[in-house]
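Asker: My structure file run35.tsv, TSV, C-alpha atoms, is below:
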```
chain	number	residue	atom	x	y	z
A	17	MET	CA	0.00	0.00	0.00
A	18	LYS	CA	1.31	3.43	-0.95
A	19	PRO	CA	1.20	6.41	1.42
A	20	LYS	CA	-1.40	9.10	0.70
A	21	LEU	CA	0.89	11.85	1.96
A	22	GLU	CA	4.64	11.69	2.43
A	23	LEU	CA	7.10	14.15	3.91
A	24	GLN	CA	10.68	13.54	2.80
A	25	ASN	CA	13.57	15.15	4.69
A	26	ILE	CA	11.61	18.29	5.52
A	27	THR	CA	13.58	21.12	7.14
A	28	ARG	CA	12.19	24.54	8.05
A	29	VAL	CA	14.40	27.42	9.15
A	30	PHE	CA	13.09	30.72	10.55
A	31	ASP	CA	15.57	33.59	10.94
A	32	GLY	CA	18.47	31.17	11.22
A	33	VAL	CA	16.68	28.89	13.72
A	34	THR	CA	15.90	25.34	12.61
A	35	VAL	CA	12.31	24.63	13.70
A	36	VAL	CA	11.85	21.35	11.79
A	37	ASP	CA	14.99	19.29	11.24
A	38	ASP	CA	15.12	16.60	8.51
A	39	MET	CA	11.59	15.31	9.18
A	40	SER	CA	10.34	12.28	7.23
A	41	LEU	CA	6.84	10.86	7.67
A	42	ARG	CA	4.39	8.66	5.75
A	43	LEU	CA	0.60	8.85	6.17
A	44	MET	CA	-1.26	5.69	5.15
A	45	PRO	CA	-4.97	5.40	4.22
A	46	GLY	CA	-7.16	4.54	7.20
A	47	GLU	CA	-4.45	5.31	9.75
A	48	VAL	CA	-4.11	8.07	12.32
A	49	THR	CA	-0.58	9.34	12.90
A	50	CYS	CA	-0.03	11.66	15.87
A	51	LEU	CA	2.69	14.28	16.00
A	52	LEU	CA	3.26	14.47	19.74
A	53	GLY	CA	5.56	16.74	21.68
A	54	PRO	CA	5.87	19.80	23.91
A	55	SER	CA	5.10	23.32	22.76
A	56	GLY	CA	7.72	24.69	20.38
A	57	CYS	CA	9.03	21.31	19.18
A	58	GLY	CA	7.99	21.92	15.54
A	59	LYS	CA	4.87	19.77	15.25
A	60	SER	CA	2.46	22.53	14.16
A	61	THR	CA	5.00	23.85	11.65
A	62	THR	CA	5.24	20.34	10.21
A	63	LEU	CA	1.47	20.19	9.82
A	64	ARG	CA	1.38	23.64	8.17
A	65	ILE	CA	3.97	22.47	5.65
A	66	ALA	CA	1.91	19.36	4.90
A	67	ALA	CA	-1.15	21.56	4.40
A	68	GLY	CA	0.67	24.00	2.12
A	69	VAL	CA	0.07	26.94	4.46
A	70	ASP	CA	3.85	27.16	4.94
A	71	GLN	CA	6.71	26.07	2.68
A	72	GLN	CA	9.72	24.07	3.80
A	73	SER	CA	13.29	25.32	3.44
A	74	SER	CA	14.32	21.96	1.99
A	75	GLY	CA	12.82	18.53	1.38
A	76	ARG	CA	9.72	17.35	-0.50
A	77	VAL	CA	5.99	16.79	0.10
A	78	LEU	CA	4.29	14.08	-1.98
A	79	LEU	CA	0.57	13.35	-2.40
A	80	ASP	CA	-0.26	9.94	-3.89
A	81	GLY	CA	3.37	9.66	-4.97
A	82	GLN	CA	3.39	12.99	-6.83
A	83	VAL	CA	5.55	15.90	-5.66
A	84	ILE	CA	3.33	18.79	-4.58
A	85	SER	CA	6.02	20.88	-2.87
A	86	ASP	CA	9.79	21.20	-3.01
A	87	ILE	CA	12.16	24.16	-3.21
A	88	SER	CA	10.94	25.03	-6.73
A	89	LEU	CA	7.28	23.88	-6.68
A	90	HIS	CA	4.55	24.70	-4.19
A	91	LEU	CA	0.95	23.61	-4.73
A	92	PRO	CA	-1.42	25.89	-2.75
A	93	PRO	CA	-3.63	24.40	0.00
A	94	GLU	CA	-6.89	24.61	-1.98
A	95	LYS	CA	-5.46	22.32	-4.69
A	96	ARG	CA	-4.17	19.57	-2.40
A	97	SER	CA	-7.40	17.65	-1.56
A	98	ILE	CA	-6.46	17.95	2.11
A	99	GLY	CA	-8.91	18.64	4.93
A	100	LEU	CA	-7.91	21.00	7.75
A	101	MET	CA	-9.16	21.28	11.34
A	102	PHE	CA	-7.72	23.75	13.81
A	103	GLN	CA	-8.11	24.49	17.48
A	104	ASP	CA	-10.39	27.53	17.07
A	105	PHE	CA	-12.85	25.78	14.65
A	106	ALA	CA	-12.85	28.98	12.44
A	107	LEU	CA	-16.60	28.88	11.73
A	108	PHE	CA	-18.20	31.83	9.97
A	109	PRO	CA	-20.44	33.55	12.56
A	110	HIS	CA	-22.76	35.10	9.95
A	111	LEU	CA	-23.51	31.78	8.23
A	112	SER	CA	-25.87	29.08	9.42
A	113	VAL	CA	-24.49	25.68	10.37
A	114	VAL	CA	-25.51	24.12	7.05
A	115	ASP	CA	-24.02	27.02	5.10
A	116	ASN	CA	-20.77	26.72	7.06
A	117	VAL	CA	-20.49	23.08	6.04
A	118	ALA	CA	-21.45	23.80	2.42
A	119	PHE	CA	-19.07	26.74	2.10
A	120	GLY	CA	-16.57	26.26	-0.70
A	121	LEU	CA	-18.35	23.29	-2.30
A	122	LYS	CA	-18.96	23.62	-6.03
A	123	SER	CA	-21.60	20.94	-6.63
A	124	ALA	CA	-25.23	21.89	-7.24
A	125	ASP	CA	-26.41	19.64	-4.39
A	126	LYS	CA	-23.99	21.08	-1.84
A	127	ARG	CA	-26.71	21.80	0.73
A	128	GLU	CA	-27.94	18.20	0.53
A	129	LEU	CA	-24.36	16.99	1.00
A	130	ALA	CA	-23.97	19.32	3.97
A	131	ILE	CA	-27.17	17.96	5.55
A	132	THR	CA	-25.88	14.38	5.07
A	133	LEU	CA	-22.60	15.23	6.80
A	134	LEU	CA	-24.39	17.00	9.64
A	135	ASP	CA	-26.49	13.88	10.10
A	136	LYS	CA	-23.28	11.82	10.26
A	137	VAL	CA	-21.94	13.98	13.12
A	138	GLY	CA	-25.33	14.05	14.87
A	139	LEU	CA	-26.23	17.68	14.15
A	140	LYS	CA	-28.85	17.49	11.41
A	141	HIS	CA	-31.33	19.09	13.80
A	142	ALA	CA	-29.04	22.16	14.15
A	143	ALA	CA	-28.67	22.87	10.42
A	144	GLY	CA	-30.49	26.20	10.61
A	145	LYS	CA	-28.76	27.47	13.75
A	146	TYR	CA	-25.76	29.79	13.92
A	147	PRO	CA	-22.37	28.95	15.54
A	148	HIS	CA	-22.99	31.14	18.61
A	149	GLN	CA	-26.08	29.06	19.39
A	150	LEU	CA	-24.03	25.87	19.69
A	151	SER	CA	-21.91	24.45	22.47
A	152	GLY	CA	-18.16	24.05	22.04
A	153	GLY	CA	-18.55	20.35	21.34
A	154	GLU	CA	-21.22	21.00	18.72
A	155	GLN	CA	-19.05	23.65	17.03
A	156	GLN	CA	-16.22	21.13	16.88
A	157	ARG	CA	-18.48	18.64	15.11
A	158	VAL	CA	-19.59	21.30	12.62
A	159	ALA	CA	-15.92	22.04	11.90
A	160	LEU	CA	-15.34	18.33	11.34
A	161	ALA	CA	-18.29	18.11	8.93
A	162	ARG	CA	-17.01	21.14	7.00
A	163	ALA	CA	-13.51	19.65	6.75
A	164	LEU	CA	-14.99	16.37	5.46
A	165	ALA	CA	-17.31	18.03	2.93
A	166	PRO	CA	-14.80	18.05	0.01
A	167	ASN	CA	-14.13	14.34	0.70
A	168	PRO	CA	-10.40	14.83	1.31
A	169	ALA	CA	-8.02	11.91	1.08
A	170	VAL	CA	-5.94	13.39	3.90
A	171	MET	CA	-7.11	15.09	7.10
A	172	LEU	CA	-4.77	17.36	9.06
A	173	MET	CA	-5.83	18.26	12.62
A	174	ASP	CA	-4.03	20.77	14.85
A	175	GLU	CA	-5.04	20.42	18.54
A	176	PRO	CA	-8.71	20.17	17.51
A	177	PHE	CA	-10.01	19.06	20.91
A	178	SER	CA	-8.00	21.27	23.25
A	179	GLY	CA	-10.78	23.85	23.59
A	180	LEU	CA	-13.27	21.30	24.93
A	181	ASP	CA	-13.86	20.51	28.59
A	182	ASN	CA	-12.90	17.09	29.90
A	183	ARG	CA	-16.50	15.86	30.13
A	184	LEU	CA	-17.02	16.18	26.39
A	185	ARG	CA	-13.56	15.55	25.04
A	186	ASP	CA	-13.34	11.76	25.20
A	187	GLY	CA	-16.70	11.17	23.56
A	188	ILE	CA	-16.11	13.66	20.75
A	189	ARG	CA	-12.62	12.27	20.10
A	190	ASP	CA	-14.04	8.76	19.83
A	191	ASP	CA	-16.86	9.87	17.50
A	192	THR	CA	-14.41	11.79	15.32
A	193	LEU	CA	-12.04	8.83	15.10
A	194	ALA	CA	-14.90	6.49	14.12
A	195	ILE	CA	-15.95	8.80	11.26
A	196	LEU	CA	-12.39	9.19	9.97
A	197	LYS	CA	-11.84	5.43	10.06
A	198	GLU	CA	-15.11	4.88	8.20
A	199	LEU	CA	-13.94	7.24	5.44
A	200	ASN	CA	-10.51	5.53	5.25
A	201	ALA	CA	-8.80	8.93	5.49
A	202	ALA	CA	-5.11	9.32	6.20
A	203	VAL	CA	-4.97	11.49	9.31
A	204	LEU	CA	-2.20	13.59	10.84
A	205	LEU	CA	-3.13	14.82	14.32
A	206	VAL	CA	-1.00	17.33	16.22
A	207	THR	CA	-1.28	17.19	20.01
A	208	HIS	CA	0.77	17.86	23.12
A	209	GLU	CA	-1.31	15.44	25.21
A	210	PRO	CA	0.08	11.88	25.48
A	211	GLU	CA	-3.31	10.52	26.54
A	212	GLU	CA	-4.94	11.89	23.39
A	213	ALA	CA	-2.20	10.40	21.21
A	214	MET	CA	-2.50	7.02	22.93
A	215	ARG	CA	-6.27	7.09	22.56
A	216	MET	CA	-6.42	8.01	18.87
A	217	ALA	CA	-3.18	7.09	17.12
A	218	ASP	CA	-2.21	4.04	15.13
A	219	ASN	CA	1.33	5.46	15.17
A	220	ILE	CA	2.97	8.22	17.22
A	221	ALA	CA	5.86	10.39	16.07
A	222	LEU	CA	7.31	11.90	19.24
A	223	MET	CA	9.11	15.17	18.48
A	224	ARG	CA	11.80	17.04	20.36
A	225	ALA	CA	13.59	20.16	19.13
A	226	GLY	CA	12.38	19.74	15.54
A	227	LYS	CA	13.25	16.04	15.22
A	228	VAL	CA	11.33	12.80	15.57
A	229	VAL	CA	13.10	11.07	18.45
A	230	GLN	CA	10.93	7.94	18.47
A	231	TYR	CA	8.25	6.58	16.13
A	232	GLY	CA	5.97	3.59	16.50
A	233	VAL	CA	2.71	2.20	17.84
A	234	PRO	CA	1.60	3.62	21.22
A	235	TYR	CA	2.31	0.36	23.06
A	236	ASN	CA	5.96	0.36	22.01
A	237	LEU	CA	6.60	4.00	22.88
A	238	TYR	CA	5.10	3.50	26.33
A	239	ASN	CA	6.73	0.16	27.10
A	240	ALA	CA	10.04	0.55	25.25
A	241	PRO	CA	10.98	4.24	25.53
A	242	LEU	CA	14.19	5.37	23.88
A	243	ASP	CA	15.39	7.43	26.83
A	244	CYS	CA	14.38	8.98	30.14
A	245	GLU	CA	12.64	11.95	28.48
A	246	VAL	CA	10.44	9.70	26.36
A	247	ALA	CA	9.44	7.65	29.40
A	248	GLY	CA	8.68	10.82	31.34
A	249	PHE	CA	6.57	12.29	28.56
A	250	PHE	CA	4.01	9.49	28.74
A	251	SER	CA	3.64	9.27	32.52
A	252	ASP	CA	5.05	10.29	35.88
A	253	ILE	CA	8.32	8.53	36.62
A	254	ASN	CA	10.71	7.93	39.49
A	255	VAL	CA	14.44	8.25	38.82
A	256	ILE	CA	16.98	6.24	40.83
A	257	HIS	CA	20.68	6.80	40.24
A	258	GLY	CA	23.50	4.29	40.09
A	259	VAL	CA	27.09	3.85	38.88
A	260	VAL	CA	28.24	1.00	36.63
A	261	GLU	CA	30.80	-1.49	37.87
A	262	ASN	CA	31.49	-4.81	36.13
A	263	MET	CA	28.45	-4.36	33.87
A	264	LYS	CA	26.09	-3.83	36.82
A	265	ALA	CA	24.75	-0.70	38.49
A	266	GLU	CA	24.60	-0.83	42.28
A	267	THR	CA	21.57	0.89	43.85
A	268	PRO	CA	19.74	0.76	47.21
A	269	PHE	CA	17.25	-1.52	45.40
A	270	GLY	CA	19.90	-4.00	44.33
A	271	GLN	CA	21.91	-4.46	41.16
A	272	PHE	CA	20.76	-3.75	37.62
A	273	PHE	CA	22.51	-5.22	34.59
A	274	THR	CA	24.15	-2.69	32.24
A	275	PRO	CA	25.93	-4.85	29.63
A	276	ASN	CA	26.65	-2.04	27.13
A	277	LEU	CA	28.00	0.56	29.54
A	278	VAL	CA	31.55	1.17	30.78
A	279	ASP	CA	32.63	1.11	34.40
A	280	GLY	CA	32.08	4.43	36.12
A	281	ALA	CA	29.15	5.44	33.90
A	282	ASP	CA	26.29	7.22	35.64
A	283	VAL	CA	22.89	5.62	34.99
A	284	GLU	CA	19.27	6.37	35.71
A	285	ILE	CA	16.87	3.57	36.62
A	286	ILE	CA	13.36	4.65	35.65
A	287	VAL	CA	10.23	3.17	37.24
A	288	ARG	CA	6.66	4.42	37.05
A	289	PRO	CA	4.70	4.97	40.30
A	290	GLN	CA	2.31	2.08	39.58
A	291	HIS	CA	5.25	-0.32	39.38
A	292	LEU	CA	6.49	0.35	42.91
A	293	LYS	CA	5.45	-2.26	45.44
A	294	ILE	CA	4.71	-1.17	49.02
A	295	ASP	CA	5.17	-3.37	52.11
A	296	PHE	CA	4.64	-2.60	55.78
A	297	ASP	CA	7.50	-2.08	58.21
A	298	ARG	CA	7.89	-4.88	60.76
A	299	HIS	CA	10.00	-3.54	63.62
A	300	GLY	CA	12.55	-2.08	61.21
A	301	LYS	CA	12.50	-5.03	58.85
A	302	GLY	CA	11.01	-5.32	55.39
A	303	PRO	CA	10.30	-8.18	53.01
A	304	ASN	CA	13.06	-10.47	51.82
A	305	PRO	CA	14.71	-9.74	48.45
A	306	THR	CA	13.29	-11.61	45.47
A	307	PRO	CA	14.40	-11.97	41.84
A	308	GLN	CA	11.15	-10.30	40.71
A	309	ASP	CA	11.19	-7.29	43.07
A	310	GLY	CA	14.87	-6.98	43.99
A	311	VAL	CA	16.03	-5.51	47.29
A	312	PRO	CA	13.52	-3.41	49.30
A	313	ALA	CA	14.44	0.05	50.60
A	314	ARG	CA	12.76	1.92	53.43
A	315	GLY	CA	11.10	5.32	53.22
A	316	ILE	CA	8.95	7.56	55.38
A	317	VAL	CA	5.53	8.76	54.21
A	318	LYS	CA	5.51	12.48	53.41
A	319	ARG	CA	2.04	12.69	51.96
A	320	ALA	CA	-0.81	10.43	50.87
A	321	ARG	CA	-3.67	11.56	48.64
A	322	PHE	CA	-6.76	9.84	47.29
A	323	MET	CA	-7.02	10.41	43.51
A	324	GLY	CA	-10.34	8.69	42.75
A	325	ASN	CA	-9.34	5.31	41.29
A	326	GLU	CA	-6.05	5.14	43.16
A	327	SER	CA	-4.04	6.54	46.04
A	328	LEU	CA	-0.77	8.44	45.58
A	329	ILE	CA	1.85	8.00	48.30
A	330	GLU	CA	5.03	10.08	48.42
A	331	LEU	CA	7.91	8.72	50.48
A	332	GLU	CA	11.21	10.26	51.55
A	333	MET	CA	13.79	7.52	51.18
A	334	GLU	CA	16.14	6.92	54.09
A	335	TYR	CA	19.15	6.18	51.91
A	336	ASP	CA	19.46	9.69	50.41
A	337	ARG	CA	16.33	11.72	51.37
A	338	SER	CA	15.08	11.62	47.78
A	339	VAL	CA	11.30	11.43	47.26
A	340	LEU	CA	9.69	8.57	45.35
A	341	SER	CA	6.02	8.31	44.42
A	342	ALA	CA	3.91	5.15	44.37
A	343	THR	CA	0.30	4.63	43.29
A	344	ILE	CA	-1.93	1.96	44.79
A	345	PRO	CA	-5.36	0.99	43.38
A	346	GLY	CA	-8.24	1.95	45.67
A	347	VAL	CA	-7.89	3.64	49.05
A	348	PHE	CA	-4.59	3.48	50.94
A	349	LEU	CA	-3.81	6.55	53.03
A	350	PRO	CA	-1.02	5.95	55.55
A	351	THR	CA	-0.38	8.82	57.93
A	352	LYS	CA	2.59	11.14	57.55
A	353	GLY	CA	5.70	9.69	59.19
A	354	THR	CA	4.73	6.04	58.66
A	355	PRO	CA	7.72	3.87	57.64
A	356	LEU	CA	7.11	1.70	54.58
A	357	TRP	CA	9.29	-0.45	52.34
A	358	LEU	CA	9.44	-0.02	48.58
A	359	SER	CA	10.44	-2.60	45.99
A	360	LEU	CA	10.73	-2.18	42.21
A	361	ARG	CA	9.15	-4.48	39.67
A	362	ARG	CA	12.34	-5.41	37.86
A	363	ASP	CA	10.56	-6.25	34.59
A	364	ARG	CA	9.05	-2.76	34.50
A	365	CYS	CA	12.24	-0.76	35.05
A	366	PHE	CA	14.24	1.03	32.34
A	367	VAL	CA	17.97	1.67	32.63
A	368	PHE	CA	19.43	4.61	30.70
A	369	PRO	CA	22.78	6.39	30.75
A	370	CYS	CA	22.56	9.80	32.40
A	371	GLN	CA	22.62	12.50	29.73
A	372	SER	CA	25.25	14.35	31.78
A	373	GLN	CA	28.09	12.03	32.77
A	374	SER	CA	30.22	13.01	35.77
A	375	SER	CA	33.35	11.88	33.90
A	376	GLY	CA	32.43	13.75	30.72
A	377	LYS	CA	33.18	10.58	28.73
A	378	SER	CA	30.90	8.39	26.66
A	379	PRO	CA	29.12	5.83	28.85
A	380	PHE	CA	28.99	3.27	26.04
A	381	MET	CA	31.49	0.50	25.42
A	382	GLU	CA	33.44	0.71	22.18
A	383	LYS	CA	32.25	-1.91	19.71
A	384	LYS	CA	34.86	-4.25	18.29
A	385	TYR	CA	34.33	-5.47	14.77
A	386	THR	CA	36.09	-8.48	13.28
A	387	GLN	CA	36.37	-9.47	9.65
```
Turn the structure described in the file into structure tokens.
Answerer:
Amino acid sequence: MKPKLELQNITRVFDGVTVVDDMSLRLMPGEVTCLLGPSGCGKSTTLRIAAGVDQQSSGRVLLDGQVISDISLHLPPEKRSIGLMFQDFALFPHLSVVDNVAFGLKSADKRELAITLLDKVGLKHAAGKYPHQLSGGEQQRVALARALAPNPAVMLMDEPFSGLDNRLRDGIRDDTLAILKELNAAVLLVTHEPEEAMRMADNIALMRAGKVVQYGVPYNLYNAPLDCEVAGFFSDINVIHGVVENMKAETPFGQFFTPNLVDGADVEIIVRPQHLKIDFDRHGKGPNPTPQDGVPARGIVKRARFMGNESLIELEMEYDRSVLSATIPGVFLPTKGTPLWLSLRRDRCFVFPCQSQSSGKSPFMEKKYTQ
């Protein structure tokens, strides 16, 4: 299967600053690809280049295998058969809902088509109303119907749900995704919310400083992050430090294998709060070490809060006064000052070299190649 839209080695420079750096991406029919990352990482600029609203400094944009933009050619947005949805919906306040959806269509039966699309998004009854008479969620659905009216092969969406309150957002996202899947559109969705990307995307391109640092299905990015920053982008994390010796890092929670790192390298052991195991203190003693959970370490409760489906417990660790956070399903609210023992689920920990090494040298072993 060929991609509907392809970005090849796209770079965009503004006033000497590289905003998008050698970006390549392929959008397939029927798939949702999310550009995910913090504000200022280049994701919206990438989408604007794909739409034709902005032009890259170098690289190519292809639609159905045909070049539609490079350094010498630039097809305008209205000739790209690409649908656009933005955060502010951009509805015309002086036009009715049905006229907003029909706007720009050339066919003689454009109002009938608009009514059909409004029915698809559940707003046929509001066809004669004006945007100010609708809720935010209804306006978002009108914007979706208008973007779908030309039957685009590609849909580009820039933070389209960020203006909605939490009560409406999940349902509208799910309805929107179902419609896009039904139409077999290739979708590029820009978001800064990991939960939204995980909920909607077939593939996630995680951006940092203009580059895609990791690409893949949501499960792989969450469970096999490339580095500490990727792990921390998808959830809260705890960071435990260690130093490599004989291919192992010694920590208060036991040893962790580090086969590719040199002696003396600083490492970070990453574990999410839900993967910390809590045990009660028994006269200064904790549970015995196990291969699954490693060596327990003792901490003192600083704060415990009930979060609805789980309880969050923050503990000050005795070994270095650092604070680690653990989440427990249901209600568990130990009082401040209570001693508890923490263990790490070894199969849910990630070990990464610290980005800043105390020695200033590479933490990785030199690879030896033989003929």
Asker: Please indicate the distance in Å from atom CA of A:Ile87 to atom CA of A:Met39, rounded to one decimal place.
Answerer: 15.2 Å
Asker: Stretch 66-75 of chain A, all listed atoms, 4 Å padding on each side: what axis-aligned box centre and edge lengths in Å to one decimal come out, as AutoDock Vina command-line options?
Answerer:
```
--center_x 6.6 --center_y 22.8 --center_z 3.2 --size_x 23.5 --size_y 16.6 --size_z 11.6
```
Asker: Applying 6 Å and all atoms listed in the file, which residues near A:Leu356 remain after dropping the ones on its own chain fewer than 5 positions away? List them as a PyMOL selection string.
Answerer: chain A and resi 295-297+314-315
Asker: Leaving out A:Leu160 and any residue of its chain fewer than 5 positions from it, which residues lie within 10 Å of it when counting only C-alpha atoms, given as an MDAnalysis selection string?
Answerer: chainID A and resid 99:102 105 117 133:134 137 154:155 165 171 173 176 192 195:196
Asker: Which polymer residues have any atom within 7 Å of an atom of stretch 45-54 of chain A, counting all atoms listed in the file, with same-chain residues fewer than 4 positions away left out, as a PyMOL selection string?
Answerer: chain A and resi 19-20+59+197+200-208+213+216-224
Asker: Kindly save the residues from that selection, with C-alpha atoms included, as a PDB file, keeping the file's coordinate frame.
Answerer:
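Now in again.pdb:
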```pdb
ATOM      1  CA  PRO A  19       1.200   6.410   1.420  1.00  0.00           C
ATOM      2  CA  LYS A  20      -1.400   9.100   0.700  1.00  0.00           C
ATOM      3  CA  LYS A  59       4.870  19.770  15.250  1.00  0.00           C
ATOM      4  CA  LYS A 197     -11.840   5.430  10.060  1.00  0.00           C
ATOM      5  CA  ASN A 200     -10.510   5.530   5.250  1.00  0.00           C
ATOM      6  CA  ALA A 201      -8.800   8.930   5.490  1.00  0.00           C
ATOM      7  CA  ALA A 202      -5.110   9.320   6.200  1.00  0.00           C
ATOM      8  CA  VAL A 203      -4.970  11.490   9.310  1.00  0.00           C
ATOM      9  CA  LEU A 204      -2.200  13.590  10.840  1.00  0.00           C
ATOM     10  CA  LEU A 205      -3.130  14.820  14.320  1.00  0.00           C
ATOM     11  CA  VAL A 206      -1.000  17.330  16.220  1.00  0.00           C
ATOM     12  CA  THR A 207      -1.280  17.190  20.010  1.00  0.00           C
ATOM     13  CA  HIS A 208       0.770  17.860  23.120  1.00  0.00           C
ATOM     14  CA  ALA A 213      -2.200  10.400  21.210  1.00  0.00           C
ATOM     15  CA  MET A 216      -6.420   8.010  18.870  1.00  0.00           C
ATOM     16  CA  ALA A 217      -3.180   7.090  17.120  1.00  0.00           C
ATOM     17  CA  ASP A 218      -2.210   4.040  15.130  1.00  0.00           C
ATOM     18  CA  ASN A 219       1.330   5.460  15.170  1.00  0.00           C
ATOM     19  CA  ILE A 220       2.970   8.220  17.220  1.00  0.00           C
ATOM     20  CA  ALA A 221       5.860  10.390  16.070  1.00  0.00           C
ATOM     21  CA  LEU A 222       7.310  11.900  19.240  1.00  0.00           C
ATOM     22  CA  MET A 223       9.110  15.170  18.480  1.00  0.00           C
ATOM     23  CA  ARG A 224      11.800  17.040  20.360  1.00  0.00           C
TER      24      ARG A 224
END
```
Asker: What residues have an atom no more than 6 Å from (21.0, 6.4, 47.8) in the file's own frame, counting all atoms listed in the file, and can you write them as a list of chain:residue names?
Answerer: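 Neighbouring residues, ordered by chain and number, come to A:Pro268, A:Tyr335, A:Asp336.
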Asker: In terms of the shortest atom-to-atom distance over all atoms listed in the file, which of A:His90, A:Lys136, A:Lys126, A:Lys352 is closest to A:Val317?
Answerer: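 Of the candidates, the smallest distance to A:Val317 is held by A:Lys352.
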Asker: Given the choices A:Thr34, A:Ser359, A:Gln149, A:Gln82, which gets closest to A:Arg96 if the distance is worked out from only C-alpha atoms?
Answerer: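 Looking only at the distances to A:Arg96, the closest residue turns out to be A:Gln82.
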Asker: Ranking A:Leu328, A:Val311, A:Met263, A:Cys365 by minimum distance to A:Arg288 and counting all atoms listed in the file, which one comes first?
Answerer: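 Between A:Leu328, A:Val311, A:Met263, A:Cys365, the residue approaching A:Arg288 most closely is A:Cys365.
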Asker: Each residue of stretch 207-231 of chain A with at least one atom at most 8 Å from stretch 236-253 of chain A should appear once, together with its nearest atom pair and the corresponding distance in Å (one decimal); atoms considered: only C-alpha atoms; ordering: chain, then increasing residue number; output as JSON lines.
Answerer:
```
{"residue": "A:Pro210", "atom": "CA", "partner": "A:Phe250", "partner_atom": "CA", "distance": 5.6}
{"residue": "A:Glu211", "atom": "CA", "partner": "A:Phe250", "partner_atom": "CA", "distance": 7.7}
{"residue": "A:Ile220", "atom": "CA", "partner": "A:Leu237", "partner_atom": "CA", "distance": 7.9}
{"residue": "A:Val229", "atom": "CA", "partner": "A:Leu242", "partner_atom": "CA", "distance": 7.9}
{"residue": "A:Gln230", "atom": "CA", "partner": "A:Leu242", "partner_atom": "CA", "distance": 6.8}
{"residue": "A:Tyr231", "atom": "CA", "partner": "A:Leu237", "partner_atom": "CA", "distance": 7.4}
```
Asker: For a quick check of understanding, using only C-alpha atoms, which of A:Cys370, A:Cys57, A:Val228, A:Ile344 has the smallest distance to A:Ala281?
Answerer: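 The answer is A:Cys370, which sits nearest to A:Ala281.
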Asker: Mind checking which residues fall within 10 Å of A:Met323, counting all atoms listed in the file, ignoring those fewer than 6 positions away in the same chain, and posting them as a list in words?
Answerer: Thr343, Ile344, Pro345, Gly346 and Val347 of chain A
Asker: Here is a test: counting only C-alpha atoms, which residue of A:Glu22, A:Asp309, A:Glu266, A:Glu128 is nearest to A:Arg364?
Answerer: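 Going through A:Glu22, A:Asp309, A:Glu266, A:Glu128 one by one, the smallest distance to A:Arg364 is for A:Asp309.
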Asker: Taking into account only C-alpha atoms, which residue in the set A:Gly300, A:Glu212, A:Ser40, A:Ala194 is nearest to A:Asn182?
Answerer: A:Glu212
Asker: Quick one: pull the distance between atom CA of A:Arg157 and atom CA of A:Met44, Å, one decimal.
Answerer: 23.7 Å
Asker: Could you please determine the separation between atom CA of A:Leu43 and atom CA of A:Leu21 in Å, to one decimal place?
Answerer: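 Result for atom CA of A:Leu43 versus atom CA of A:Leu21: 5.2 Å, one decimal.
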Asker: Taking 3 positions as the minimum chain separation for residues in the same chain, which residues sit within 7 Å of A:Met381 when counting only C-alpha atoms? Answer as an mmCIF file with C-alpha atoms, in the frame of the given file.
Answerer:
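File part.cif, as written:
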```
data_model
loop_
_atom_site.group_PDB
_atom_site.id
_atom_site.type_symbol
_atom_site.label_atom_id
_atom_site.label_comp_id
_atom_site.auth_asym_id
_atom_site.auth_seq_id
_atom_site.Cartn_x
_atom_site.Cartn_y
_atom_site.Cartn_z
ATOM 1 C CA ASN A 276 26.650 -2.040 27.130
ATOM 2 C CA LEU A 277 28.000 0.560 29.540
ATOM 3 C CA VAL A 278 31.550 1.170 30.780
#
```
Asker: Can you sort out stretch 356-364 of chain A so it carries N, CA and C atoms, written as a PDB file, in the frame of the given file?
Answerer:
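Printed below is rebuild19.pdb as written:
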```
ATOM      1  N   LEU A 356       7.541   2.735  55.521  1.00  0.00           N
ATOM      2  CA  LEU A 356       7.110   1.700  54.580  1.00  0.00           C
ATOM      3  C   LEU A 356       8.313   1.259  53.755  1.00  0.00           C
ATOM      4  N   TRP A 357       8.214   0.073  53.189  1.00  0.00           N
ATOM      5  CA  TRP A 357       9.290  -0.450  52.340  1.00  0.00           C
ATOM      6  C   TRP A 357       8.834  -0.469  50.881  1.00  0.00           C
ATOM      7  N   LEU A 358       9.719  -0.035  50.012  1.00  0.00           N
ATOM      8  CA  LEU A 358       9.440  -0.020  48.580  1.00  0.00           C
ATOM      9  C   LEU A 358      10.310  -1.048  47.864  1.00  0.00           C
ATOM     10  N   SER A 359       9.700  -1.716  46.897  1.00  0.00           N
ATOM     11  CA  SER A 359      10.440  -2.600  45.990  1.00  0.00           C
ATOM     12  C   SER A 359      10.063  -2.216  44.557  1.00  0.00           C
ATOM     13  N   LEU A 360      10.957  -2.509  43.610  1.00  0.00           N
ATOM     14  CA  LEU A 360      10.730  -2.180  42.210  1.00  0.00           C
ATOM     15  C   LEU A 360      10.412  -3.440  41.423  1.00  0.00           C
ATOM     16  N   ARG A 361       9.391  -3.369  40.590  1.00  0.00           N
ATOM     17  CA  ARG A 361       9.150  -4.480  39.670  1.00  0.00           C
ATOM     18  C   ARG A 361      10.260  -4.468  38.623  1.00  0.00           C
ATOM     19  N   ARG A 362      11.149  -5.425  38.704  1.00  0.00           N
ATOM     20  CA  ARG A 362      12.340  -5.410  37.860  1.00  0.00           C
ATOM     21  C   ARG A 362      12.004  -5.444  36.369  1.00  0.00           C
ATOM     22  N   ASP A 363      10.917  -6.146  36.011  1.00  0.00           N
ATOM     23  CA  ASP A 363      10.560  -6.250  34.590  1.00  0.00           C
ATOM     24  C   ASP A 363       9.922  -4.980  34.054  1.00  0.00           C
ATOM     25  N   ARG A 364       9.662  -4.009  34.934  1.00  0.00           N
ATOM     26  CA  ARG A 364       9.050  -2.760  34.500  1.00  0.00           C
ATOM     27  C   ARG A 364       9.982  -1.563  34.686  1.00  0.00           C
TER      28      ARG A 364
END
```
